[in-house]
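Visitor: input21.pdb is reproduced in full below (PDB, C-alpha atoms).
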ATOM      1  CA  LYS A 171      -8.556 -57.170 -25.529  1.00  0.00           C
ATOM      2  CA  LEU A 172     -10.746 -57.103 -28.607  1.00  0.00           C
ATOM      3  CA  GLU A 173      -9.165 -57.573 -32.006  1.00  0.00           C
ATOM      4  CA  PRO A 174      -9.423 -54.669 -34.463  1.00  0.00           C
ATOM      5  CA  GLY A 175     -12.589 -54.930 -36.540  1.00  0.00           C
ATOM      6  CA  THR A 176     -14.512 -56.925 -33.917  1.00  0.00           C
ATOM      7  CA  SER A 177     -18.231 -56.196 -33.980  1.00  0.00           C
ATOM      8  CA  LEU A 178     -19.392 -54.305 -30.911  1.00  0.00           C
ATOM      9  CA  ASP A 179     -22.986 -55.534 -30.889  1.00  0.00           C
ATOM     10  CA  THR A 180     -24.354 -56.933 -27.642  1.00  0.00           C
ATOM     11  CA  LEU A 181     -24.323 -60.615 -28.702  1.00  0.00           C
ATOM     12  CA  THR A 182     -20.704 -60.516 -29.875  1.00  0.00           C
ATOM     13  CA  LEU A 183     -19.538 -58.748 -26.722  1.00  0.00           C
ATOM     14  CA  ALA A 184     -21.490 -61.197 -24.541  1.00  0.00           C
ATOM     15  CA  ALA A 185     -19.857 -64.156 -26.335  1.00  0.00           C
ATOM     16  CA  LYS A 186     -16.369 -62.666 -25.894  1.00  0.00           C
ATOM     17  CA  ALA A 187     -17.078 -61.954 -22.222  1.00  0.00           C
ATOM     18  CA  ALA A 188     -18.300 -65.513 -21.584  1.00  0.00           C
ATOM     19  CA  GLU A 189     -15.288 -66.983 -23.400  1.00  0.00           C
ATOM     20  CA  GLU A 190     -12.809 -64.917 -21.385  1.00  0.00           C
ATOM     21  CA  GLU A 191     -14.530 -65.559 -18.072  1.00  0.00           C
ATOM     22  CA  GLU A 192     -14.595 -69.311 -18.661  1.00  0.00           C
ATOM     23  CA  GLY A 193     -10.856 -69.404 -19.317  1.00  0.00           C
ATOM     24  CA  ARG A 194      -9.915 -67.511 -16.160  1.00  0.00           C
ATOM     25  CA  GLY A 195      -8.035 -69.107 -13.337  1.00  0.00           C
ATOM     26  CA  PHE A 196      -8.005 -68.147  -9.662  1.00  0.00           C
ATOM     27  CA  VAL A 197      -5.312 -65.482 -10.081  1.00  0.00           C
ATOM     28  CA  ALA A 198      -7.045 -63.983 -13.120  1.00  0.00           C
ATOM     29  CA  ARG A 199     -10.321 -63.738 -11.193  1.00  0.00           C
ATOM     30  CA  MET A 200      -8.564 -61.930  -8.372  1.00  0.00           C
ATOM     31  CA  MET A 201      -6.842 -59.564 -10.810  1.00  0.00           C
ATOM     32  CA  ALA A 202     -10.179 -58.813 -12.468  1.00  0.00           C
ATOM     33  CA  LYS A 203     -11.405 -57.331  -9.187  1.00  0.00           C
ATOM     34  CA  LEU A 204      -8.575 -54.785  -9.350  1.00  0.00           C
ATOM     35  CA  SER A 205      -8.484 -54.273 -13.128  1.00  0.00           C
ATOM     36  CA  PRO A 206     -11.841 -55.032 -14.810  1.00  0.00           C
ATOM     37  CA  GLY A 207     -11.673 -57.012 -18.034  1.00  0.00           C
ATOM     38  CA  ILE A 208     -14.128 -57.616 -20.868  1.00  0.00           C
ATOM     39  CA  PRO A 209     -16.709 -59.550 -18.750  1.00  0.00           C
ATOM     40  CA  GLU A 210     -16.890 -56.815 -16.129  1.00  0.00           C
ATOM     41  CA  LEU A 211     -17.056 -54.036 -18.711  1.00  0.00           C
ATOM     42  CA  VAL A 212     -19.750 -55.830 -20.708  1.00  0.00           C
ATOM     43  CA  GLY A 213     -21.773 -56.336 -17.527  1.00  0.00           C
ATOM     44  CA  ARG A 214     -21.517 -52.662 -16.736  1.00  0.00           C
ATOM     45  CA  LEU A 215     -22.499 -51.807 -20.322  1.00  0.00           C
ATOM     46  CA  VAL A 216     -25.635 -53.954 -20.041  1.00  0.00           C
ATOM     47  CA  VAL A 217     -26.618 -52.276 -16.760  1.00  0.00           C
ATOM     48  CA  LEU A 218     -26.093 -48.785 -18.196  1.00  0.00           C
ATOM     49  CA  ASN A 219     -28.089 -49.603 -21.334  1.00  0.00           C
ATOM     50  CA  SER A 220     -30.932 -50.877 -19.159  1.00  0.00           C
ATOM     51  CA  ARG A 221     -30.867 -47.658 -17.122  1.00  0.00           C
ATOM     52  CA  ILE A 222     -30.902 -45.578 -20.302  1.00  0.00           C
ATOM     53  CA  GLN A 223     -33.898 -47.514 -21.636  1.00  0.00           C
ATOM     54  CA  GLY A 224     -35.696 -47.049 -18.332  1.00  0.00           C
ATOM     55  CA  LEU A 225     -35.007 -43.304 -18.251  1.00  0.00           C
ATOM     56  CA  ALA A 226     -36.179 -43.028 -21.866  1.00  0.00           C
ATOM     57  CA  GLN A 227     -39.626 -44.257 -20.790  1.00  0.00           C
ATOM     58  CA  GLN A 228     -40.067 -41.356 -18.379  1.00  0.00           C
ATOM     59  CA  ASN A 229     -41.614 -38.066 -19.378  1.00  0.00           C
ATOM     60  CA  LYS A 230     -39.513 -35.142 -18.217  1.00  0.00           C
ATOM     61  CA  PRO A 231     -39.611 -31.488 -19.306  1.00  0.00           C
ATOM     62  CA  VAL A 232     -36.778 -30.510 -21.631  1.00  0.00           C
ATOM     63  CA  SER A 233     -35.050 -27.154 -21.157  1.00  0.00           C
ATOM     64  CA  ASN A 234     -31.897 -27.584 -23.275  1.00  0.00           C
ATOM     65  CA  VAL A 235     -31.478 -29.303 -26.635  1.00  0.00           C
ATOM     66  CA  PHE A 236     -28.311 -29.787 -28.687  1.00  0.00           C
ATOM     67  CA  VAL A 237     -28.841 -29.992 -32.448  1.00  0.00           C
ATOM     68  CA  THR A 238     -26.166 -31.322 -34.810  1.00  0.00           C
ATOM     69  CA  PHE A 239     -25.838 -30.615 -38.539  1.00  0.00           C
ATOM     70  CA  GLU A 240     -24.189 -32.381 -41.432  1.00  0.00           C
ATOM     71  CA  THR A 241     -22.507 -29.214 -42.718  1.00  0.00           C
ATOM     72  CA  GLU A 242     -21.543 -25.843 -41.287  1.00  0.00           C
ATOM     73  CA  ALA A 243     -23.578 -24.133 -44.018  1.00  0.00           C
ATOM     74  CA  ASP A 244     -26.764 -25.749 -42.689  1.00  0.00           C
ATOM     75  CA  GLN A 245     -25.879 -24.668 -39.160  1.00  0.00           C
ATOM     76  CA  ARG A 246     -25.344 -21.056 -40.244  1.00  0.00           C
ATOM     77  CA  LYS A 247     -28.587 -21.047 -42.207  1.00  0.00           C
ATOM     78  CA  VAL A 248     -30.625 -22.259 -39.221  1.00  0.00           C
ATOM     79  CA  LEU A 249     -28.898 -19.884 -36.797  1.00  0.00           C
ATOM     80  CA  ASP A 250     -29.443 -16.906 -39.077  1.00  0.00           C
ATOM     81  CA  SER A 251     -33.130 -17.791 -39.447  1.00  0.00           C
ATOM     82  CA  LEU A 252     -33.827 -18.337 -35.749  1.00  0.00           C
ATOM     83  CA  LEU A 253     -31.738 -15.429 -34.509  1.00  0.00           C
ATOM     84  CA  ASN A 254     -33.333 -12.980 -36.944  1.00  0.00           C
ATOM     85  CA  ARG A 255     -35.852 -10.749 -35.175  1.00  0.00           C
ATOM     86  CA  ARG A 256     -38.287 -11.105 -38.076  1.00  0.00           C
ATOM     87  CA  SER A 257     -38.574 -14.855 -37.387  1.00  0.00           C
ATOM     88  CA  VAL A 258     -40.733 -14.132 -34.317  1.00  0.00           C
ATOM     89  CA  GLY A 259     -43.815 -13.653 -36.496  1.00  0.00           C
ATOM     90  CA  ASN A 260     -43.051 -16.635 -38.750  1.00  0.00           C
ATOM     91  CA  GLN A 261     -45.190 -19.586 -37.641  1.00  0.00           C
ATOM     92  CA  ASP A 262     -42.819 -22.042 -39.315  1.00  0.00           C
ATOM     93  CA  LEU A 263     -39.965 -20.918 -37.053  1.00  0.00           C
ATOM     94  CA  LEU A 264     -41.905 -20.991 -33.774  1.00  0.00           C
ATOM     95  CA  PHE A 265     -41.907 -24.007 -31.485  1.00  0.00           C
ATOM     96  CA  ARG A 266     -45.386 -25.549 -31.609  1.00  0.00           C
ATOM     97  CA  GLY A 267     -46.442 -22.528 -33.584  1.00  0.00           C
ATOM     98  CA  LYS A 268     -46.314 -20.061 -30.698  1.00  0.00           C
ATOM     99  CA  HIS A 269     -43.065 -20.272 -28.711  1.00  0.00           C
ATOM    100  CA  SER A 270     -39.945 -18.379 -29.721  1.00  0.00           C
ATOM    101  CA  LEU A 271     -36.869 -20.439 -28.874  1.00  0.00           C
ATOM    102  CA  LYS A 272     -33.717 -19.043 -27.305  1.00  0.00           C
ATOM    103  CA  VAL A 273     -31.020 -20.149 -29.720  1.00  0.00           C
ATOM    104  CA  LYS A 274     -27.259 -19.765 -29.498  1.00  0.00           C
ATOM    105  CA  GLU A 275     -24.208 -21.432 -30.941  1.00  0.00           C
ATOM    106  CA  PRO A 276     -22.814 -23.865 -28.352  1.00  0.00           C
ATOM    107  CA  ASP A 277     -19.234 -24.633 -27.456  1.00  0.00           C
ATOM    108  CA  GLU A 278     -17.371 -27.362 -29.266  1.00  0.00           C
ATOM    109  CA  PRO A 279     -18.628 -30.853 -28.288  1.00  0.00           C
ATOM    110  CA  ASN A 280     -15.269 -31.882 -26.845  1.00  0.00           C
ATOM    111  CA  THR A 281     -15.280 -28.856 -24.491  1.00  0.00           C
ATOM    112  CA  ILE A 282     -18.776 -29.403 -23.076  1.00  0.00           C
ATOM    113  CA  ARG A 283     -18.860 -31.009 -19.629  1.00  0.00           C
ATOM    114  CA  TRP A 284     -21.841 -33.254 -20.262  1.00  0.00           C
ATOM    115  CA  GLN A 285     -22.046 -34.642 -16.732  1.00  0.00           C
ATOM    116  CA  ASP A 286     -22.445 -31.144 -15.255  1.00  0.00           C
ATOM    117  CA  LEU A 287     -25.189 -29.873 -17.562  1.00  0.00           C
ATOM    118  CA  ASN A 288     -28.029 -30.856 -15.214  1.00  0.00           C
ATOM    119  CA  GLU A 289     -26.478 -29.175 -12.182  1.00  0.00           C
ATOM    120  CA  LYS A 290     -28.760 -26.514 -10.705  1.00  0.00           C
ATOM    121  CA  SER A 291     -27.666 -22.882 -10.874  1.00  0.00           C
ATOM    122  CA  VAL A 292     -28.022 -22.564  -7.102  1.00  0.00           C
ATOM    123  CA  ASP A 293     -25.701 -25.522  -6.531  1.00  0.00           C
ATOM    124  CA  ARG A 294     -23.183 -24.090  -8.986  1.00  0.00           C
ATOM    125  CA  ALA A 295     -23.235 -20.761  -7.150  1.00  0.00           C
ATOM    126  CA  LYS A 296     -22.735 -22.504  -3.797  1.00  0.00           C
ATOM    127  CA  GLN A 297     -19.776 -24.504  -5.099  1.00  0.00           C
ATOM    128  CA  GLN A 298     -18.058 -21.435  -6.518  1.00  0.00           C
ATOM    129  CA  LEU A 299     -18.766 -19.511  -3.307  1.00  0.00           C
ATOM    130  CA  TYR A 300     -17.128 -22.231  -1.194  1.00  0.00           C
ATOM    131  CA  THR A 301     -14.075 -22.511  -3.451  1.00  0.00           C
ATOM    132  CA  THR A 302     -13.694 -18.717  -3.527  1.00  0.00           C
ATOM    133  CA  LEU A 303     -13.838 -18.637   0.280  1.00  0.00           C
ATOM    134  CA  ALA A 304     -11.171 -21.357   0.369  1.00  0.00           C
ATOM    135  CA  THR A 305      -9.031 -19.186  -1.924  1.00  0.00           C
ATOM    136  CA  LEU A 306      -9.457 -16.185   0.377  1.00  0.00           C
ATOM    137  CA  VAL A 307      -8.537 -18.314   3.403  1.00  0.00           C
ATOM    138  CA  ALA A 308      -5.383 -19.461   1.597  1.00  0.00           C
ATOM    139  CA  ILE A 309      -4.516 -15.832   0.841  1.00  0.00           C
ATOM    140  CA  VAL A 310      -4.926 -14.845   4.503  1.00  0.00           C
ATOM    141  CA  VAL A 311      -2.882 -17.813   5.774  1.00  0.00           C
ATOM    142  CA  VAL A 312      -0.025 -17.136   3.349  1.00  0.00           C
ATOM    143  CA  ALA A 313      -0.116 -13.419   4.159  1.00  0.00           C
ATOM    144  CA  LEU A 314       0.255 -14.158   7.876  1.00  0.00           C
ATOM    145  CA  LEU A 315       3.146 -16.531   7.236  1.00  0.00           C
ATOM    146  CA  VAL A 316       4.881 -14.004   4.986  1.00  0.00           C
ATOM    147  CA  ARG A 317       4.427 -11.328   7.655  1.00  0.00           C
ATOM    148  CA  LEU A 318       6.059 -13.530  10.288  1.00  0.00           C
ATOM    149  CA  ILE A 319       8.961 -14.433   8.005  1.00  0.00           C
ATOM    150  CA  ASN A 320       9.374 -10.812   6.884  1.00  0.00           C
ATOM    151  CA  ASP A 321       9.929  -9.692  10.474  1.00  0.00           C
ATOM    152  CA  TRP A 322      12.821 -12.148  10.567  1.00  0.00           C
ATOM    153  CA  ASN A 323      14.338 -11.730   7.093  1.00  0.00           C
ATOM    154  CA  VAL A 324      13.162  -9.849   3.989  1.00  0.00           C
ATOM    155  CA  VAL A 325      14.827 -12.229   1.517  1.00  0.00           C
ATOM    156  CA  TYR A 326      13.283 -15.318   3.110  1.00  0.00           C
ATOM    157  CA  ALA A 327       9.869 -13.633   2.974  1.00  0.00           C
ATOM    158  CA  SER A 328      10.320 -13.040  -0.761  1.00  0.00           C
ATOM    159  CA  PHE A 329      11.177 -16.689  -1.298  1.00  0.00           C
ATOM    160  CA  GLY A 330       8.089 -17.593   0.715  1.00  0.00           C
ATOM    161  CA  VAL A 331       5.954 -15.491  -1.652  1.00  0.00           C
ATOM    162  CA  ALA A 332       7.570 -17.072  -4.715  1.00  0.00           C
ATOM    163  CA  ILE A 333       7.104 -20.622  -3.415  1.00  0.00           C
ATOM    164  CA  ALA A 334       3.472 -19.913  -2.520  1.00  0.00           C
ATOM    165  CA  ASN A 335       2.892 -18.624  -6.062  1.00  0.00           C
ATOM    166  CA  VAL A 336       4.197 -21.927  -7.424  1.00  0.00           C
ATOM    167  CA  ILE A 337       2.249 -24.185  -5.047  1.00  0.00           C
ATOM    168  CA  PHE A 338      -1.129 -22.449  -5.102  1.00  0.00           C
ATOM    169  CA  PRO A 339      -2.040 -23.269  -8.765  1.00  0.00           C
ATOM    170  CA  GLN A 340      -2.056 -26.968  -7.849  1.00  0.00           C
ATOM    171  CA  PHE A 341      -4.355 -26.226  -4.914  1.00  0.00           C
ATOM    172  CA  ALA A 342      -6.546 -24.101  -7.206  1.00  0.00           C
ATOM    173  CA  LYS A 343      -6.877 -27.018  -9.644  1.00  0.00           C
ATOM    174  CA  VAL A 344      -8.190 -29.194  -6.817  1.00  0.00           C
ATOM    175  CA  LEU A 345     -10.698 -26.505  -5.818  1.00  0.00           C
ATOM    176  CA  THR A 346     -11.868 -25.996  -9.406  1.00  0.00           C
ATOM    177  CA  SER A 347     -12.334 -29.754  -9.888  1.00  0.00           C
ATOM    178  CA  LEU A 348     -14.980 -29.599  -7.143  1.00  0.00           C
ATOM    179  CA  GLU A 349     -17.055 -27.117  -9.177  1.00  0.00           C
ATOM    180  CA  SER A 350     -19.645 -27.857 -11.858  1.00  0.00           C
ATOM    181  CA  HIS A 351     -19.250 -26.047 -15.176  1.00  0.00           C
ATOM    182  CA  HIS A 352     -21.075 -26.126 -18.495  1.00  0.00           C
ATOM    183  CA  SER A 353     -17.838 -26.185 -20.466  1.00  0.00           C
ATOM    184  CA  GLU A 354     -14.096 -26.384 -20.112  1.00  0.00           C
ATOM    185  CA  GLY A 355     -13.925 -22.675 -20.949  1.00  0.00           C
ATOM    186  CA  THR A 356     -15.861 -21.628 -17.840  1.00  0.00           C
ATOM    187  CA  LYS A 357     -13.801 -24.029 -15.751  1.00  0.00           C
ATOM    188  CA  GLN A 358     -10.556 -22.503 -17.016  1.00  0.00           C
ATOM    189  CA  ARG A 359     -11.887 -18.992 -16.353  1.00  0.00           C
ATOM    190  CA  SER A 360     -12.660 -19.973 -12.773  1.00  0.00           C
ATOM    191  CA  LEU A 361      -9.161 -21.438 -12.371  1.00  0.00           C
ATOM    192  CA  TYR A 362      -7.564 -18.328 -13.879  1.00  0.00           C
ATOM    193  CA  PHE A 363      -9.539 -16.057 -11.540  1.00  0.00           C
ATOM    194  CA  LYS A 364      -8.346 -17.922  -8.435  1.00  0.00           C
ATOM    195  CA  ILE A 365      -4.703 -17.994  -9.510  1.00  0.00           C
ATOM    196  CA  ALA A 366      -4.687 -14.352 -10.647  1.00  0.00           C
ATOM    197  CA  LEU A 367      -6.369 -13.173  -7.433  1.00  0.00           C
ATOM    198  CA  PHE A 368      -3.954 -15.124  -5.233  1.00  0.00           C
ATOM    199  CA  ARG A 369      -0.814 -14.022  -7.046  1.00  0.00           C
ATOM    200  CA  TRP A 370      -1.902 -10.389  -7.302  1.00  0.00           C
ATOM    201  CA  VAL A 371      -2.690 -10.132  -3.590  1.00  0.00           C
ATOM    202  CA  ASN A 372       0.234 -12.293  -2.508  1.00  0.00           C
ATOM    203  CA  THR A 373       2.799 -10.483  -4.654  1.00  0.00           C
ATOM    204  CA  ALA A 374       1.658  -6.841  -4.654  1.00  0.00           C
ATOM    205  CA  ILE A 375      -0.812  -6.186  -1.853  1.00  0.00           C
ATOM    206  CA  VAL A 376       0.748  -8.244   0.942  1.00  0.00           C
ATOM    207  CA  ILE A 377       4.212  -6.744   0.467  1.00  0.00           C
ATOM    208  CA  THR A 378       2.747  -3.230   0.599  1.00  0.00           C
ATOM    209  CA  ILE A 379       0.724  -3.982   3.748  1.00  0.00           C
ATOM    210  CA  ILE A 380       3.476  -5.661   5.748  1.00  0.00           C
ATOM    211  CA  THR A 381       5.986  -2.892   5.042  1.00  0.00           C
ATOM    212  CA  ASP A 382       5.789  -0.278   7.785  1.00  0.00           C
ATOM    213  CA  PHE A 383       5.236   3.242   6.505  1.00  0.00           C
ATOM    214  CA  THR A 384       8.213   4.506   8.462  1.00  0.00           C
ATOM    215  CA  LYS A 385      10.425   1.940   6.693  1.00  0.00           C
ATOM    216  CA  THR A 386       9.120   2.589   3.167  1.00  0.00           C
ATOM    217  CA  LEU A 387      12.352   4.265   2.047  1.00  0.00           C
ATOM    218  CA  SER A 388      14.663   2.079   4.124  1.00  0.00           C
ATOM    219  CA  ASP A 389      17.614   0.571   2.280  1.00  0.00           C
ATOM    220  CA  THR A 390      17.170  -2.864   3.880  1.00  0.00           C
ATOM    221  CA  GLN A 391      13.443  -3.211   4.669  1.00  0.00           C
ATOM    222  CA  GLY A 392      11.810  -0.648   2.371  1.00  0.00           C
ATOM    223  CA  LEU A 393       9.636  -1.239  -0.669  1.00  0.00           C
ATOM    224  CA  ILE A 394      12.583  -1.048  -3.074  1.00  0.00           C
ATOM    225  CA  ALA A 395      14.441  -3.724  -1.135  1.00  0.00           C
ATOM    226  CA  GLN A 396      11.254  -5.841  -0.940  1.00  0.00           C
ATOM    227  CA  ILE A 397      10.654  -5.611  -4.678  1.00  0.00           C
ATOM    228  CA  TYR A 398      14.284  -6.399  -5.470  1.00  0.00           C
ATOM    229  CA  SER A 399      14.205  -9.463  -3.215  1.00  0.00           C
ATOM    230  CA  LEU A 400      10.879 -10.560  -4.700  1.00  0.00           C
ATOM    231  CA  PHE A 401      12.151 -10.350  -8.287  1.00  0.00           C
ATOM    232  CA  PHE A 402      15.292 -12.240  -7.323  1.00  0.00           C
ATOM    233  CA  ALA A 403      13.261 -14.966  -5.565  1.00  0.00           C
ATOM    234  CA  GLU A 404      10.878 -15.326  -8.547  1.00  0.00           C
ATOM    235  CA  ILE A 405      13.791 -15.699 -10.978  1.00  0.00           C
ATOM    236  CA  VAL A 406      15.607 -18.265  -8.831  1.00  0.00           C
ATOM    237  CA  THR A 407      12.526 -20.276  -7.859  1.00  0.00           C
ATOM    238  CA  THR A 408      10.987 -20.468 -11.345  1.00  0.00           C
ATOM    239  CA  ASN A 409      14.207 -21.482 -13.086  1.00  0.00           C
ATOM    240  CA  ALA A 410      15.169 -23.959 -10.366  1.00  0.00           C
ATOM    241  CA  LEU A 411      11.803 -25.731 -10.609  1.00  0.00           C
ATOM    242  CA  GLN A 412      11.938 -25.869 -14.402  1.00  0.00           C
ATOM    243  CA  LEU A 413      15.473 -27.246 -14.432  1.00  0.00           C
ATOM    244  CA  SER A 414      14.749 -29.832 -11.739  1.00  0.00           C
ATOM    245  CA  ASP A 415      11.509 -30.902 -13.504  1.00  0.00           C
ATOM    246  CA  ILE A 416      10.007 -32.335 -10.323  1.00  0.00           C
ATOM    247  CA  GLY A 417       6.722 -33.205 -11.999  1.00  0.00           C
ATOM    248  CA  GLY A 418       8.470 -35.144 -14.744  1.00  0.00           C
ATOM    249  CA  HIS A 419      10.399 -37.297 -12.272  1.00  0.00           C
ATOM    250  CA  ILE A 420       7.499 -38.225  -9.981  1.00  0.00           C
TER     251      ILE A 420
END
Could I get this structure in the form of structure tokens?
Guide:
Amino acid sequence: KLEPGTSLDTLTLAAKAAEEEEGRGFVARMMAKLSPGIPELVGRLVVLNSRIQGLAQQNKPVSNVFVTFETEADQRKVLDSLLNRRSVGNQDLLFRGKHSLKVKEPDEPNTIRWQDLNEKSVDRAKQQLYTTLATLVAIVVVALLVRLINDWNVVYASFGVAIANVIFPQFAKVLTSLESHHSEGTKQRSLYFKIALFRWVNTAIVITIITDFTKTLSDTQGLIAQIYSLFFAEIVTTNALQLSDIGGHI
């Protein structure tokens, strides 16, 4: 570990890395393969800096640029000038004197997913299509299971719906992590859409479909009995999981 206040220039880091590597024994060298230390991290830093310098020598067209400002007042002034329709005829506000730039206020820097910015729109659409199809498949599978359980016992079917509503958000997080998004906001919207769609269909639509029309007003298998059992299962399942705190004990 580096002491607080240590200079982070390349020469200082290289000296620290050489000093630590020289003092390592056999066990420490083996542990470094599992948990990289300063020498490994400095080596990776050097490689990444070399790649950055190499990429900087290449000429590539730029389509998106992030501009930072010292103060919010400067940001507002520039945005107001560039977003004003009258700025189109102002040569001083045109890129290279003839191009009108598309300007908008970006998301906060800590919410931008920088590694996904270069992802193509077609690839993004494909990823979201695949994850949406996976969500629909999960809905169909759960609906079939609930139908089978419902033919056996209405209460057990309600508990099956409640448990599926608890488990699916974790599955949806895995699906959403496979998608590329410009910001955390769009990622959360995608996650919300999957969870809301699953729970809406699983809780409201499936129960209506699996209930035979001739049994709609039945005291034991009708819609009223289904809804009562579903509310009871949701109350029991949600409170039981919160009290047990399974995630906190794993």
Visitor: So how many Å separate atom CA of A:Val235 and atom CA of A:Val216, to one decimal?
Guide: 26.2 Å
Visitor: Please indicate the distance in Å from atom CA of A:Lys296 to atom CA of A:Leu345, rounded to one decimal place.
Guide: 12.8 Å
Visitor: Run through the PyMOL selection byres ((chain A and resi 403) around 8) on the given coordinates and return the selected residues as a tab-separated table (two decimals) with C-alpha atoms, in the coordinates of the input.
Guide:
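Resulting contents of selection21.tsv:
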chain	number	residue	atom	x	y	z
A	325	VAL	CA	14.83	-12.23	1.52
A	328	SER	CA	10.32	-13.04	-0.76
A	329	PHE	CA	11.18	-16.69	-1.30
A	332	ALA	CA	7.57	-17.07	-4.72
A	399	SER	CA	14.20	-9.46	-3.22
A	400	LEU	CA	10.88	-10.56	-4.70
A	401	PHE	CA	12.15	-10.35	-8.29
A	402	PHE	CA	15.29	-12.24	-7.32
A	404	GLU	CA	10.88	-15.33	-8.55
A	405	ILE	CA	13.79	-15.70	-10.98
A	406	VAL	CA	15.61	-18.26	-8.83
A	407	THR	CA	12.53	-20.28	-7.86
Visitor: If we count all atoms listed in the file and set the cut-off at 12 Å, which residues sit around stretch 238-246 of chain A, ignoring sequence neighbours fewer than 4 positions away in its own chain? Please answer as a PyMOL selection string.
Guide: chain A and resi 250-254+273-276+278-279
Visitor: Taking all atoms listed in the file into account, which of A:Gln358, A:Ile397, A:Asp277, A:Gln340 comes nearest A:Ala327?
Guide: A:Ile397
Visitor: Which residues, written as a PDB file with C-alpha atoms, keeping the file's coordinate frame, have at least one atom at most 9 Å from A:Thr305, with only C-alpha atoms counted and residues fewer than 4 positions away on the same chain left out?
Guide:
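The resulting file, part-v1.pdb, is reproduced below:
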ATOM      1  CA  TYR A 300     -17.128 -22.231  -1.194  1.00  0.00           C
ATOM      2  CA  THR A 301     -14.075 -22.511  -3.451  1.00  0.00           C
ATOM      3  CA  ILE A 309      -4.516 -15.832   0.841  1.00  0.00           C
ATOM      4  CA  VAL A 310      -4.926 -14.845   4.503  1.00  0.00           C
ATOM      5  CA  PHE A 341      -4.355 -26.226  -4.914  1.00  0.00           C
ATOM      6  CA  ALA A 342      -6.546 -24.101  -7.206  1.00  0.00           C
ATOM      7  CA  LEU A 345     -10.698 -26.505  -5.818  1.00  0.00           C
ATOM      8  CA  LYS A 364      -8.346 -17.922  -8.435  1.00  0.00           C
ATOM      9  CA  ILE A 365      -4.703 -17.994  -9.510  1.00  0.00           C
ATOM     10  CA  LEU A 367      -6.369 -13.173  -7.433  1.00  0.00           C
ATOM     11  CA  PHE A 368      -3.954 -15.124  -5.233  1.00  0.00           C
TER      12      PHE A 368
END
Visitor: Please determine, counting all atoms listed in the file, which residue among A:Gln298, A:Ser270, A:Thr176, A:Thr408 has the shortest atom-to-atom distance to A:Phe363.
Guide: A:Gln298
Visitor: Just give me the residues with any atom within 10 Å of (3.0, -12.6, 7.2), file coordinates, counting all atoms listed in the file, written as a list in words.
Guide: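 Returned residue set, sorted by chain then number, is Val310, Val311, Val312, Ala313, Leu314, Leu315, Val316, Arg317, Leu318, Ile319, Asn320, Asp321, Ala327, Gly330, Val331, Val376, Ile377, Ile379 and Ile380 of chain A.
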Visitor: List the residues selected by the PyMOL selection byres ((chain A and resi 234) around 10) in the file shown, writing them as an NGL selection string.
Guide: :A and (231-233 or 235-237 or 272-273 or 287-288)
Visitor: One decimal, in Å: what's the spacing between atom CA of A:His351 and atom CA of A:Thr302?
Guide: 14.8 Å
Visitor: Rank A:Glu210, A:Leu215, A:Val248, A:Ser347 by their smallest atom-to-atom distance to A:Leu178, using only C-alpha atoms, and report the top residue only.
Guide: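 Of all the options, A:Leu215 lies closest to A:Leu178.
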Visitor: Between A:Leu181, A:Leu299, A:Ala202, A:Leu249, which one has atoms that come closest to A:Ser360, using all atoms listed in the file?
Guide: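 When distances to A:Ser360 are compared using all atoms listed in the file, the smallest one comes from A:Leu299.
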Visitor: If the PyMOL selection byres ((chain A and resi 354) around 9) were run on this exact file, what residues would it hold? Put them as a ChimeraX atom specification.
Guide: /A:280-283,351-353,355-359
Visitor: Write the selection just made, keeping C-alpha atoms, as a PDB file, in the coordinates of the input?
Guide:
ATOM      1  CA  ASN A 280     -15.269 -31.882 -26.845  1.00  0.00           C
ATOM      2  CA  THR A 281     -15.280 -28.856 -24.491  1.00  0.00           C
ATOM      3  CA  ILE A 282     -18.776 -29.403 -23.076  1.00  0.00           C
ATOM      4  CA  ARG A 283     -18.860 -31.009 -19.629  1.00  0.00           C
ATOM      5  CA  HIS A 351     -19.250 -26.047 -15.176  1.00  0.00           C
ATOM      6  CA  HIS A 352     -21.075 -26.126 -18.495  1.00  0.00           C
ATOM      7  CA  SER A 353     -17.838 -26.185 -20.466  1.00  0.00           C
ATOM      8  CA  GLY A 355     -13.925 -22.675 -20.949  1.00  0.00           C
ATOM      9  CA  THR A 356     -15.861 -21.628 -17.840  1.00  0.00           C
ATOM     10  CA  LYS A 357     -13.801 -24.029 -15.751  1.00  0.00           C
ATOM     11  CA  GLN A 358     -10.556 -22.503 -17.016  1.00  0.00           C
ATOM     12  CA  ARG A 359     -11.887 -18.992 -16.353  1.00  0.00           C
TER      13      ARG A 359
END
Visitor: Rebuild stretch 227-232 of chain A so that it carries N, CA and C atoms, then output the result as a short mmCIF file (atom, residue, chain, number, x, y, z; two decimals), in the coordinates of the input.
Guide:
data_model
loop_
_atom_site.label_atom_id
_atom_site.label_comp_id
_atom_site.auth_asym_id
_atom_site.auth_seq_id
_atom_site.Cartn_x
_atom_site.Cartn_y
_atom_site.Cartn_z
N GLN A 227 -38.18 -44.05 -20.92
CA GLN A 227 -39.63 -44.26 -20.79
C GLN A 227 -40.30 -43.17 -19.95
N GLN A 228 -39.50 -42.38 -19.25
CA GLN A 228 -40.07 -41.36 -18.38
C GLN A 228 -40.28 -40.06 -19.15
N ASN A 229 -41.31 -39.36 -18.77
CA ASN A 229 -41.61 -38.07 -19.38
C ASN A 229 -41.09 -36.96 -18.48
N LYS A 230 -40.10 -36.24 -18.98
CA LYS A 230 -39.51 -35.14 -18.22
C LYS A 230 -39.44 -33.90 -19.10
N PRO A 231 -39.69 -32.73 -18.51
CA PRO A 231 -39.61 -31.49 -19.31
C PRO A 231 -38.19 -31.24 -19.79
N VAL A 232 -38.08 -30.77 -21.02
CA VAL A 232 -36.78 -30.51 -21.63
C VAL A 232 -36.54 -29.01 -21.65
#
